[in-house]
$ cat input-v9.cif   # mmCIF, C-alpha atoms
data_target
#
loop_
_atom_site.group_PDB
_atom_site.id
_atom_site.type_symbol
_atom_site.label_atom_id
_atom_site.label_comp_id
_atom_site.auth_asym_id
_atom_site.auth_seq_id
_atom_site.Cartn_x
_atom_site.Cartn_y
_atom_site.Cartn_z
ATOM 1 C CA GLY A 1 36.143 78.499 106.989
ATOM 2 C CA LYS A 2 37.701 79.769 103.818
ATOM 3 C CA TYR A 3 36.748 82.714 101.675
ATOM 4 C CA VAL A 4 36.280 81.604 98.061
ATOM 5 C CA ALA A 5 35.503 83.979 95.187
ATOM 6 C CA LEU A 6 34.090 83.133 91.775
ATOM 7 C CA ASN A 7 33.151 85.379 88.869
ATOM 8 C CA VAL A 8 30.087 83.610 87.483
ATOM 9 C CA ALA A 9 29.615 85.818 84.416
ATOM 10 C CA GLY A 10 29.699 83.827 81.231
ATOM 11 C CA LEU A 11 29.889 80.366 82.820
ATOM 12 C CA ASP A 12 27.809 77.877 80.867
ATOM 13 C CA GLU A 13 25.687 75.287 82.679
ATOM 14 C CA GLN A 14 28.376 72.591 82.667
ATOM 15 C CA MET A 15 31.152 74.870 83.955
ATOM 16 C CA PHE A 16 28.887 76.527 86.511
ATOM 17 C CA SER A 17 27.826 73.186 87.974
ATOM 18 C CA ASP A 18 31.300 71.681 87.889
ATOM 19 C CA VAL A 19 33.057 74.660 89.451
ATOM 20 C CA LEU A 20 30.423 75.317 92.103
ATOM 21 C CA PHE A 21 29.235 71.795 92.954
ATOM 22 C CA GLY A 22 32.105 69.590 91.796
ATOM 23 C CA HIS A 23 31.792 66.171 90.183
ATOM 24 C CA ALA A 24 32.168 62.495 91.028
ATOM 25 C CA LYS A 25 34.722 60.239 89.403
ATOM 26 C CA GLY A 26 33.301 59.010 86.093
ATOM 27 C CA ALA A 27 30.640 61.728 85.914
ATOM 28 C CA PHE A 28 31.722 62.414 82.341
ATOM 29 C CA THR A 29 34.339 61.073 79.945
ATOM 30 C CA SER A 30 37.322 63.050 81.228
ATOM 31 C CA ALA A 31 36.369 62.818 84.927
ATOM 32 C CA ILE A 32 39.089 60.368 85.946
ATOM 33 C CA GLU A 33 39.000 61.733 89.486
ATOM 34 C CA GLY A 34 36.350 63.358 91.627
ATOM 35 C CA ARG A 35 36.527 67.099 92.131
ATOM 36 C CA GLU A 36 35.248 69.051 95.081
ATOM 37 C CA GLY A 37 33.412 72.191 94.100
ATOM 38 C CA LEU A 38 33.953 75.661 95.466
ATOM 39 C CA LEU A 39 30.960 75.270 97.791
ATOM 40 C CA GLN A 40 32.777 72.426 99.493
ATOM 41 C CA LYS A 41 35.999 74.434 99.652
ATOM 42 C CA ALA A 42 34.104 77.296 101.294
ATOM 43 C CA GLU A 43 32.575 74.995 103.927
ATOM 44 C CA GLY A 44 32.051 76.949 107.127
ATOM 45 C CA GLY A 45 33.238 80.134 105.411
ATOM 46 C CA THR A 46 32.062 82.413 102.629
ATOM 47 C CA ILE A 47 31.618 81.978 98.911
ATOM 48 C CA PHE A 48 31.480 85.221 96.945
ATOM 49 C CA LEU A 49 29.721 85.044 93.582
ATOM 50 C CA ASP A 50 30.585 88.114 91.541
ATOM 51 C CA GLU A 51 28.452 89.285 88.610
ATOM 52 C CA ILE A 52 25.383 87.316 89.774
ATOM 53 C CA GLY A 53 23.253 89.457 87.468
ATOM 54 C CA ASP A 54 24.841 87.700 84.491
ATOM 55 C CA VAL A 55 23.897 84.143 85.511
ATOM 56 C CA ALA A 56 21.571 82.475 83.002
ATOM 57 C CA CYS A 57 18.061 81.756 84.255
ATOM 58 C CA ALA A 58 18.569 78.016 83.756
ATOM 59 C CA LEU A 59 21.371 78.087 86.331
ATOM 60 C CA GLN A 60 19.548 80.243 88.837
ATOM 61 C CA SER A 61 17.348 77.361 90.024
ATOM 62 C CA LYS A 62 20.443 75.337 90.955
ATOM 63 C CA LEU A 63 21.763 78.233 92.969
ATOM 64 C CA LEU A 64 18.357 78.835 94.536
ATOM 65 C CA ARG A 65 18.255 75.310 95.977
ATOM 66 C CA VAL A 66 21.645 75.755 97.628
ATOM 67 C CA ILE A 67 20.690 79.093 99.138
ATOM 68 C CA GLU A 68 17.236 77.947 100.218
ATOM 69 C CA CYS A 69 18.009 74.443 101.524
ATOM 70 C CA GLY A 70 21.789 74.315 101.695
ATOM 71 C CA GLU A 71 21.675 71.165 99.565
ATOM 72 C CA TYR A 72 23.214 70.192 96.250
ATOM 73 C CA TYR A 73 24.500 67.248 94.246
ATOM 74 C CA ALA A 74 27.897 67.028 92.622
ATOM 75 C CA ALA A 75 27.653 66.042 88.954
ATOM 76 C CA GLY A 76 27.434 62.272 88.582
ATOM 77 C CA SER A 77 26.701 61.697 92.262
ATOM 78 C CA ASP A 78 23.487 60.712 93.995
ATOM 79 C CA GLU A 79 24.913 61.665 97.381
ATOM 80 C CA LEU A 80 23.188 64.751 98.737
ATOM 81 C CA ARG A 81 25.690 67.272 100.036
ATOM 82 C CA ARG A 82 25.030 70.041 102.502
ATOM 83 C CA SER A 83 26.631 73.443 102.329
ATOM 84 C CA HIS A 84 27.305 75.539 105.389
ATOM 85 C CA ALA A 85 28.938 78.360 103.480
ATOM 86 C CA ARG A 86 27.712 81.921 103.627
ATOM 87 C CA VAL A 87 26.773 83.089 100.122
ATOM 88 C CA VAL A 88 27.588 86.696 99.226
ATOM 89 C CA VAL A 89 26.832 88.053 95.771
ATOM 90 C CA ALA A 90 27.500 91.228 93.829
ATOM 91 C CA THR A 91 26.355 92.702 90.564
ATOM 92 C CA ASN A 92 26.713 95.973 88.741
ATOM 93 C CA ARG A 93 23.283 95.555 87.174
ATOM 94 C CA GLU A 94 19.956 96.933 88.385
ATOM 95 C CA VAL A 95 18.442 93.851 89.992
ATOM 96 C CA GLY A 96 14.903 95.253 89.912
ATOM 97 C CA GLU A 97 15.152 95.635 86.147
ATOM 98 C CA LEU A 98 16.537 92.096 85.811
ATOM 99 C CA CYS A 99 13.547 90.722 87.740
ATOM 100 C CA GLN A 100 11.027 92.757 85.718
ATOM 101 C CA SER A 101 12.515 91.627 82.422
ATOM 102 C CA GLY A 102 12.595 87.974 83.529
ATOM 103 C CA ARG A 103 16.385 87.715 83.461
ATOM 104 C CA MET A 104 16.522 87.044 87.218
ATOM 105 C CA ARG A 105 14.171 84.851 89.177
ATOM 106 C CA ARG A 106 12.310 86.830 91.787
ATOM 107 C CA ASP A 107 12.511 83.980 94.287
ATOM 108 C CA LEU A 108 16.298 83.943 93.914
ATOM 109 C CA PHE A 109 16.434 87.703 94.337
ATOM 110 C CA TYR A 110 14.391 87.523 97.551
ATOM 111 C CA ARG A 111 16.699 84.825 98.957
ATOM 112 C CA LEU A 112 19.798 86.838 98.065
ATOM 113 C CA ASP A 113 18.510 90.218 99.194
ATOM 114 C CA VAL A 114 18.595 89.451 102.923
ATOM 115 C CA HIS A 115 21.285 92.037 103.633
ATOM 116 C CA HIS A 116 21.565 94.575 100.853
ATOM 117 C CA ILE A 117 24.518 96.941 100.663
ATOM 118 C CA HIS A 118 24.231 99.546 97.953
ATOM 119 C CA LEU A 119 27.567 100.970 96.885
ATOM 120 C CA PRO A 120 26.915 104.127 94.900
ATOM 121 C CA PRO A 121 28.874 104.667 91.706
ATOM 122 C CA LEU A 122 32.067 106.651 91.940
ATOM 123 C CA ARG A 123 30.457 109.750 90.423
ATOM 124 C CA GLU A 124 28.181 109.938 93.499
ATOM 125 C CA ARG A 125 30.935 109.564 96.075
ATOM 126 C CA GLY A 126 32.296 113.113 96.265
ATOM 127 C CA ASP A 127 35.736 113.405 97.820
ATOM 128 C CA ASP A 128 36.224 109.615 97.733
ATOM 129 C CA VAL A 129 37.431 110.137 94.169
ATOM 130 C CA LEU A 130 40.469 112.070 95.375
ATOM 131 C CA LEU A 131 41.228 109.655 98.224
ATOM 132 C CA LEU A 132 41.027 106.682 95.885
ATOM 133 C CA ALA A 133 43.040 108.489 93.196
ATOM 134 C CA ASP A 134 45.845 109.059 95.711
ATOM 135 C CA ALA A 135 45.781 105.447 96.870
ATOM 136 C CA PHE A 136 45.905 104.103 93.311
ATOM 137 C CA ALA A 137 48.653 106.524 92.276
ATOM 138 C CA GLU A 138 50.739 105.611 95.325
ATOM 139 C CA ALA A 139 50.328 101.880 94.709
ATOM 140 C CA ALA A 140 51.270 102.239 91.043
ATOM 141 C CA ALA A 141 54.274 104.437 91.848
ATOM 142 C CA GLU A 142 55.471 101.995 94.505
ATOM 143 C CA ALA A 143 55.247 99.120 92.023
ATOM 144 C CA LEU A 144 57.338 101.181 89.610
ATOM 145 C CA GLY A 145 59.848 102.206 92.285
ATOM 146 C CA ARG A 146 58.937 105.865 91.853
ATOM 147 C CA THR A 147 57.608 108.710 93.912
ATOM 148 C CA ALA A 148 53.836 109.102 93.729
ATOM 149 C CA PRO A 149 52.711 111.891 91.412
ATOM 150 C CA ARG A 150 51.235 115.020 92.959
ATOM 151 C CA ARG A 151 47.802 116.309 92.082
ATOM 152 C CA THR A 152 47.200 119.977 91.314
ATOM 153 C CA PRO A 153 43.947 121.896 91.849
ATOM 154 C CA GLU A 154 43.332 121.672 88.091
ATOM 155 C CA VAL A 155 43.726 117.888 88.161
ATOM 156 C CA ASP A 156 41.456 117.678 91.218
ATOM 157 C CA ALA A 157 38.753 119.580 89.321
ATOM 158 C CA LEU A 158 39.088 117.216 86.353
ATOM 159 C CA LEU A 159 38.941 114.117 88.553
ATOM 160 C CA MET A 160 35.921 115.388 90.481
ATOM 161 C CA GLY A 161 34.086 116.638 87.392
ATOM 162 C CA TYR A 162 34.399 113.454 85.354
ATOM 163 C CA GLY A 163 31.504 110.940 85.438
ATOM 164 C CA TRP A 164 33.656 107.767 85.705
ATOM 165 C CA PRO A 165 31.450 105.455 83.621
ATOM 166 C CA GLY A 166 33.996 102.675 84.202
ATOM 167 C CA ASN A 167 33.744 103.318 87.942
ATOM 168 C CA ILE A 168 36.609 102.292 90.239
ATOM 169 C CA ARG A 169 38.371 100.227 87.568
ATOM 170 C CA GLU A 170 38.557 103.234 85.268
ATOM 171 C CA LEU A 171 39.914 105.469 88.040
ATOM 172 C CA LYS A 172 42.544 102.868 88.940
ATOM 173 C CA ALA A 173 43.627 102.510 85.303
ATOM 174 C CA THR A 174 43.775 106.281 84.900
ATOM 175 C CA MET A 175 45.881 106.788 88.007
ATOM 176 C CA THR A 176 48.200 103.916 87.083
ATOM 177 C CA ASP A 177 48.706 105.507 83.661
ATOM 178 C CA LEU A 178 49.366 108.908 85.210
ATOM 179 C CA ALA A 179 51.819 107.461 87.736
ATOM 180 C CA THR A 180 53.644 105.757 84.874
ATOM 181 C CA ARG A 181 53.822 108.890 82.740
ATOM 182 C CA SER A 182 54.394 111.541 85.417
ATOM 183 C CA GLY A 183 57.811 110.383 86.577
ATOM 184 C CA GLY A 184 56.968 111.349 90.151
ATOM 185 C CA GLY A 185 56.275 115.044 89.519
ATOM 186 C CA GLU A 186 53.031 116.924 89.226
ATOM 187 C CA ILE A 187 50.292 115.404 87.164
ATOM 188 C CA PRO A 188 49.740 117.683 84.185
ATOM 189 C CA ALA A 189 46.143 118.888 83.803
ATOM 190 C CA ALA A 190 46.250 117.826 80.154
ATOM 191 C CA GLY A 191 47.524 114.349 81.243
#
$ encode --input "input-v9.cif" --output "structure tokens"
Amino acid sequence: GKYVALNVAGLDEQMFSDVLFGHAKGAFTSAIEGREGLLQKAEGGTIFLDEIGDVACALQSKLLRVIECGEYYAAGSDELRRSHARVVVATNREVGELCQSGRMRRDLFYRLDVHHIHLPPLRERGDDVLLLADAFAEAAAEALGRTAPRRTPEVDALLMGYGWPGNIRELKATMTDLATRSGGGEIPAAG
């Protein structure tokens, strides 16, 4: 089956339901045709729901039913659909804190937490920072048609000593900026 990804942060109830479950023709005023949802598109494959920690509690029960029973209804349809898609989720939030504060249903958490992979933040990943910095700098330089900039020991110390609160996205943006400004030479420590 297909791999389908969806960032669920900020989706309201209508959009969440429509995008994930689809709708039947005539389900609402502008529904002149039926629409299959992403669960249907991921049939037999994987649906990745990014930023699951941002899903409103009202929507979590809809997701819980799919994960628990594999069943859902498209908007405006009374035909029960079955999903055979693997559901994978990610969040950058502390799920335990979300459950304690009532912003995530515990029953949903327990259904989702079957296989938990903790990816530590960049600041806890030691030499990965330098490996990733090189990869991002090379990719940015290639896109610009330039030679990748070279790191110096001073730059290495700065990269390793920084806390990277923006995590991998911040490192990628930094290295793209440095590749753009370096012109293929050494990265200046003040850069």
$ resolve_selection --input "input-v9.cif" --expression "the PyMOL selection byres ((chain A and resi 141-145) around 10)" --output "PyMOL selection string"
chain A and resi 135-140+146-149+175-180+182-184
$ resolve_selection --input "input-v9.cif" --expression "the PyMOL selection byres ((chain A and resi 80-92) around 7)" --output "JSON list (two decimals) with C-alpha atoms, in the frame of the given file"
[["chain", "number", "residue", "atom", "x", "y", "z"],
["A", 39, "LEU", "CA", 30.96, 75.27, 97.79],
["A", 40, "GLN", "CA", 32.78, 72.43, 99.49],
["A", 42, "ALA", "CA", 34.10, 77.30, 101.29],
["A", 43, "GLU", "CA", 32.58, 75.00, 103.93],
["A", 44, "GLY", "CA", 32.05, 76.95, 107.13],
["A", 45, "GLY", "CA", 33.24, 80.13, 105.41],
["A", 46, "THR", "CA", 32.06, 82.41, 102.63],
["A", 47, "ILE", "CA", 31.62, 81.98, 98.91],
["A", 48, "PHE", "CA", 31.48, 85.22, 96.94],
["A", 49, "LEU", "CA", 29.72, 85.04, 93.58],
["A", 50, "ASP", "CA", 30.58, 88.11, 91.54],
["A", 51, "GLU", "CA", 28.45, 89.28, 88.61],
["A", 52, "ILE", "CA", 25.38, 87.32, 89.77],
["A", 53, "GLY", "CA", 23.25, 89.46, 87.47],
["A", 70, "GLY", "CA", 21.79, 74.32, 101.70],
["A", 71, "GLU", "CA", 21.68, 71.17, 99.56],
["A", 72, "TYR", "CA", 23.21, 70.19, 96.25],
["A", 73, "TYR", "CA", 24.50, 67.25, 94.25],
["A", 78, "ASP", "CA", 23.49, 60.71, 94.00],
["A", 79, "GLU", "CA", 24.91, 61.66, 97.38],
["A", 93, "ARG", "CA", 23.28, 95.56, 87.17],
["A", 94, "GLU", "CA", 19.96, 96.93, 88.38]]
$ atom_distance --input "input-v9.cif" --atom1 "CA of Leu98 (chain A)" --atom2 "CA of Gln60 (chain A)"
12.6 Å
$ resolve_selection --input "input-v9.cif" --expression "the PyMOL selection byres ((chain A and resi 12-17) around 9)" --output "CSV table (one decimal) with C-alpha atoms, keeping the file's coordinate frame"
chain,number,residue,atom,x,y,z
A,8,VAL,CA,30.1,83.6,87.5
A,9,ALA,CA,29.6,85.8,84.4
A,10,GLY,CA,29.7,83.8,81.2
A,11,LEU,CA,29.9,80.4,82.8
A,18,ASP,CA,31.3,71.7,87.9
A,19,VAL,CA,33.1,74.7,89.5
A,20,LEU,CA,30.4,75.3,92.1
A,21,PHE,CA,29.2,71.8,93.0
A,22,GLY,CA,32.1,69.6,91.8
A,23,HIS,CA,31.8,66.2,90.2
A,37,GLY,CA,33.4,72.2,94.1
A,55,VAL,CA,23.9,84.1,85.5
A,56,ALA,CA,21.6,82.5,83.0
A,58,ALA,CA,18.6,78.0,83.8
A,59,LEU,CA,21.4,78.1,86.3
A,62,LYS,CA,20.4,75.3,91.0
A,74,ALA,CA,27.9,67.0,92.6
A,75,ALA,CA,27.7,66.0,89.0
$ closest_residue --input "input-v9.cif" --among "A:Pro153, A:Ile117, A:Gly163, A:Asp107" --to "Val129 (chain A)" --atoms "only C-alpha atoms"
A:Gly163
$ closest_residue --input "input-v9.cif" --among "A:Cys99, A:Gly76, A:Leu63, A:Gly1" --to "Thr29 (chain A)" --atoms "all atoms listed in the file"
A:Gly76
$ atom_distance --input "input-v9.cif" --atom1 "CA of Phe109 (chain A)" --atom2 "CA of Val95 (chain A)"
7.8 Å
$ closest_residue --input "input-v9.cif" --among "A:Met104, A:Ala31, A:Leu6, A:Ala24" --to "Asp54 (chain A)" --atoms "all atoms listed in the file"
A:Met104
$ residues_near_point --input "input-v9.cif" --point "(46.9, 124.6, 89.1)" --cutoff "12 Å" --atoms "only C-alpha atoms" --output "ChimeraX atom specification"
/A:150-158,186-190
$ closest_residue --input "input-v9.cif" --among "A:Cys57, A:Val66, A:Ala133, A:Leu119" --to "Arg105 (chain A)" --atoms "all atoms listed in the file"
A:Cys57
$ atom_distance --input "input-v9.cif" --atom1 "CA of Ser30 (chain A)" --atom2 "CA of Ser61 (chain A)"
26.1 Å
$ closest_residue --input "input-v9.cif" --among "A:Ile168, A:Leu159, A:Ile32, A:Leu112" --to "Glu68 (chain A)" --atoms "all atoms listed in the file"
A:Leu112
$ closest_residue --input "input-v9.cif" --among "A:His116, A:Tyr110, A:Met160, A:Ser77" --to "Glu36 (chain A)" --atoms "all atoms listed in the file"
A:Ser77
$ decode --input "input-v9.cif" --residues "region 156-186 of chain A" --atoms "N, CA, C and O atoms" --output "PDB file, in the first residue's frame"
ATOM      1  N   ASP A 156      33.356  23.724  14.309  1.00  0.00           N
ATOM      2  CA  ASP A 156      32.918  22.473  14.945  1.00  0.00           C
ATOM      3  C   ASP A 156      32.564  22.714  16.408  1.00  0.00           C
ATOM      4  O   ASP A 156      31.538  22.232  16.902  1.00  0.00           O
ATOM      5  N   ALA A 157      33.407  23.452  17.112  1.00  0.00           N
ATOM      6  CA  ALA A 157      33.165  23.734  18.533  1.00  0.00           C
ATOM      7  C   ALA A 157      31.873  24.529  18.711  1.00  0.00           C
ATOM      8  O   ALA A 157      31.093  24.267  19.639  1.00  0.00           O
ATOM      9  N   LEU A 158      31.625  25.486  17.830  1.00  0.00           N
ATOM     10  CA  LEU A 158      30.388  26.264  17.898  1.00  0.00           C
ATOM     11  C   LEU A 158      29.160  25.391  17.634  1.00  0.00           C
ATOM     12  O   LEU A 158      28.155  25.477  18.341  1.00  0.00           O
ATOM     13  N   LEU A 159      29.259  24.554  16.599  1.00  0.00           N
ATOM     14  CA  LEU A 159      28.131  23.673  16.269  1.00  0.00           C
ATOM     15  C   LEU A 159      27.829  22.695  17.397  1.00  0.00           C
ATOM     16  O   LEU A 159      26.680  22.443  17.731  1.00  0.00           O
ATOM     17  N   MET A 160      28.870  22.130  17.984  1.00  0.00           N
ATOM     18  CA  MET A 160      28.697  21.142  19.049  1.00  0.00           C
ATOM     19  C   MET A 160      28.273  21.785  20.368  1.00  0.00           C
ATOM     20  O   MET A 160      27.582  21.168  21.167  1.00  0.00           O
ATOM     21  N   GLY A 161      28.657  23.025  20.594  1.00  0.00           N
ATOM     22  CA  GLY A 161      28.357  23.687  21.856  1.00  0.00           C
ATOM     23  C   GLY A 161      26.997  24.365  21.904  1.00  0.00           C
ATOM     24  O   GLY A 161      26.524  24.730  22.974  1.00  0.00           O
ATOM     25  N   TYR A 162      26.369  24.522  20.767  1.00  0.00           N
ATOM     26  CA  TYR A 162      25.080  25.208  20.701  1.00  0.00           C
ATOM     27  C   TYR A 162      23.960  24.232  21.084  1.00  0.00           C
ATOM     28  O   TYR A 162      24.031  23.045  20.809  1.00  0.00           O
ATOM     29  N   GLY A 163      22.905  24.717  21.716  1.00  0.00           N
ATOM     30  CA  GLY A 163      21.814  23.868  22.200  1.00  0.00           C
ATOM     31  C   GLY A 163      20.776  23.464  21.175  1.00  0.00           C
ATOM     32  O   GLY A 163      19.970  22.590  21.408  1.00  0.00           O
ATOM     33  N   TRP A 164      20.732  24.077  20.017  1.00  0.00           N
ATOM     34  CA  TRP A 164      19.806  23.778  18.925  1.00  0.00           C
ATOM     35  C   TRP A 164      18.357  23.673  19.393  1.00  0.00           C
ATOM     36  O   TRP A 164      17.712  22.625  19.240  1.00  0.00           O
ATOM     37  N   PRO A 165      17.796  24.774  19.925  1.00  0.00           N
ATOM     38  CA  PRO A 165      16.401  24.717  20.368  1.00  0.00           C
ATOM     39  C   PRO A 165      15.420  24.446  19.219  1.00  0.00           C
ATOM     40  O   PRO A 165      14.341  23.909  19.449  1.00  0.00           O
ATOM     41  N   GLY A 166      15.811  24.792  17.999  1.00  0.00           N
ATOM     42  CA  GLY A 166      14.967  24.511  16.839  1.00  0.00           C
ATOM     43  C   GLY A 166      15.236  23.147  16.239  1.00  0.00           C
ATOM     44  O   GLY A 166      14.685  22.791  15.191  1.00  0.00           O
ATOM     45  N   ASN A 167      16.106  22.382  16.897  1.00  0.00           N
ATOM     46  CA  ASN A 167      16.431  21.015  16.521  1.00  0.00           C
ATOM     47  C   ASN A 167      16.941  20.911  15.090  1.00  0.00           C
ATOM     48  O   ASN A 167      17.669  21.779  14.624  1.00  0.00           O
ATOM     49  N   ILE A 168      16.574  19.870  14.386  1.00  0.00           N
ATOM     50  CA  ILE A 168      17.133  19.562  13.066  1.00  0.00           C
ATOM     51  C   ILE A 168      16.789  20.643  12.043  1.00  0.00           C
ATOM     52  O   ILE A 168      17.589  20.954  11.169  1.00  0.00           O
ATOM     53  N   ARG A 169      15.612  21.240  12.175  1.00  0.00           N
ATOM     54  CA  ARG A 169      15.211  22.289  11.229  1.00  0.00           C
ATOM     55  C   ARG A 169      16.120  23.507  11.359  1.00  0.00           C
ATOM     56  O   ARG A 169      16.483  24.133  10.366  1.00  0.00           O
ATOM     57  N   GLU A 170      16.483  23.830  12.585  1.00  0.00           N
ATOM     58  CA  GLU A 170      17.373  24.971  12.808  1.00  0.00           C
ATOM     59  C   GLU A 170      18.763  24.692  12.250  1.00  0.00           C
ATOM     60  O   GLU A 170      19.375  25.554  11.619  1.00  0.00           O
ATOM     61  N   LEU A 171      19.277  23.473  12.468  1.00  0.00           N
ATOM     62  CA  LEU A 171      20.586  23.118  11.935  1.00  0.00           C
ATOM     63  C   LEU A 171      20.568  23.167  10.403  1.00  0.00           C
ATOM     64  O   LEU A 171      21.495  23.697   9.791  1.00  0.00           O
ATOM     65  N   LYS A 172      19.519  22.650   9.802  1.00  0.00           N
ATOM     66  CA  LYS A 172      19.426  22.665   8.338  1.00  0.00           C
ATOM     67  C   LYS A 172      19.401  24.104   7.820  1.00  0.00           C
ATOM     68  O   LYS A 172      20.104  24.431   6.854  1.00  0.00           O
ATOM     69  N   ALA A 173      18.616  24.953   8.443  1.00  0.00           N
ATOM     70  CA  ALA A 173      18.541  26.359   8.018  1.00  0.00           C
ATOM     71  C   ALA A 173      19.885  27.050   8.182  1.00  0.00           C
ATOM     72  O   ALA A 173      20.320  27.815   7.306  1.00  0.00           O
ATOM     73  N   THR A 174      20.556  26.761   9.281  1.00  0.00           N
ATOM     74  CA  THR A 174      21.871  27.363   9.537  1.00  0.00           C
ATOM     75  C   THR A 174      22.876  26.938   8.477  1.00  0.00           C
ATOM     76  O   THR A 174      23.608  27.766   7.926  1.00  0.00           O
ATOM     77  N   MET A 175      22.914  25.647   8.176  1.00  0.00           N
ATOM     78  CA  MET A 175      23.889  25.154   7.213  1.00  0.00           C
ATOM     79  C   MET A 175      23.555  25.616   5.791  1.00  0.00           C
ATOM     80  O   MET A 175      24.451  25.884   5.000  1.00  0.00           O
ATOM     81  N   THR A 176      22.287  25.747   5.484  1.00  0.00           N
ATOM     82  CA  THR A 176      21.898  26.282   4.174  1.00  0.00           C
ATOM     83  C   THR A 176      22.354  27.726   4.051  1.00  0.00           C
ATOM     84  O   THR A 176      22.903  28.142   3.022  1.00  0.00           O
ATOM     85  N   ASP A 177      22.162  28.502   5.117  1.00  0.00           N
ATOM     86  CA  ASP A 177      22.612  29.899   5.124  1.00  0.00           C
ATOM     87  C   ASP A 177      24.128  29.977   4.968  1.00  0.00           C
ATOM     88  O   ASP A 177      24.641  30.775   4.172  1.00  0.00           O
ATOM     89  N   LEU A 178      24.843  29.139   5.698  1.00  0.00           N
ATOM     90  CA  LEU A 178      26.302  29.165   5.616  1.00  0.00           C
ATOM     91  C   LEU A 178      26.800  28.727   4.244  1.00  0.00           C
ATOM     92  O   LEU A 178      27.762  29.294   3.722  1.00  0.00           O
ATOM     93  N   ALA A 179      26.143  27.744   3.648  1.00  0.00           N
ATOM     94  CA  ALA A 179      26.539  27.306   2.302  1.00  0.00           C
ATOM     95  C   ALA A 179      26.287  28.415   1.295  1.00  0.00           C
ATOM     96  O   ALA A 179      27.066  28.610   0.355  1.00  0.00           O
ATOM     97  N   THR A 180      25.237  29.174   1.500  1.00  0.00           N
ATOM     98  CA  THR A 180      24.913  30.287   0.600  1.00  0.00           C
ATOM     99  C   THR A 180      25.932  31.406   0.740  1.00  0.00           C
ATOM    100  O   THR A 180      26.383  31.975  -0.256  1.00  0.00           O
ATOM    101  N   ARG A 181      26.337  31.707   1.958  1.00  0.00           N
ATOM    102  CA  ARG A 181      27.230  32.831   2.202  1.00  0.00           C
ATOM    103  C   ARG A 181      28.705  32.500   2.077  1.00  0.00           C
ATOM    104  O   ARG A 181      29.513  33.395   1.883  1.00  0.00           O
ATOM    105  N   SER A 182      29.082  31.233   2.180  1.00  0.00           N
ATOM    106  CA  SER A 182      30.511  30.893   2.217  1.00  0.00           C
ATOM    107  C   SER A 182      31.177  30.898   0.847  1.00  0.00           C
ATOM    108  O   SER A 182      32.384  31.035   0.752  1.00  0.00           O
ATOM    109  N   GLY A 183      30.404  30.705  -0.194  1.00  0.00           N
ATOM    110  CA  GLY A 183      30.994  30.656  -1.534  1.00  0.00           C
ATOM    111  C   GLY A 183      31.891  29.458  -1.769  1.00  0.00           C
ATOM    112  O   GLY A 183      32.718  29.451  -2.649  1.00  0.00           O
ATOM    113  N   GLY A 184      31.742  28.417  -0.962  1.00  0.00           N
ATOM    114  CA  GLY A 184      32.493  27.188  -1.161  1.00  0.00           C
ATOM    115  C   GLY A 184      33.811  27.118  -0.405  1.00  0.00           C
ATOM    116  O   GLY A 184      34.499  26.121  -0.448  1.00  0.00           O
ATOM    117  N   GLY A 185      34.163  28.147   0.340  1.00  0.00           N
ATOM    118  CA  GLY A 185      35.395  28.142   1.120  1.00  0.00           C
ATOM    119  C   GLY A 185      35.152  27.647   2.518  1.00  0.00           C
ATOM    120  O   GLY A 185      34.193  26.917   2.800  1.00  0.00           O
ATOM    121  N   GLU A 186      36.010  28.075   3.424  1.00  0.00           N
ATOM    122  CA  GLU A 186      35.849  27.727   4.829  1.00  0.00           C
ATOM    123  C   GLU A 186      34.698  28.523   5.421  1.00  0.00           C
ATOM    124  O   GLU A 186      34.470  29.683   5.059  1.00  0.00           O
TER     125      GLU A 186
END
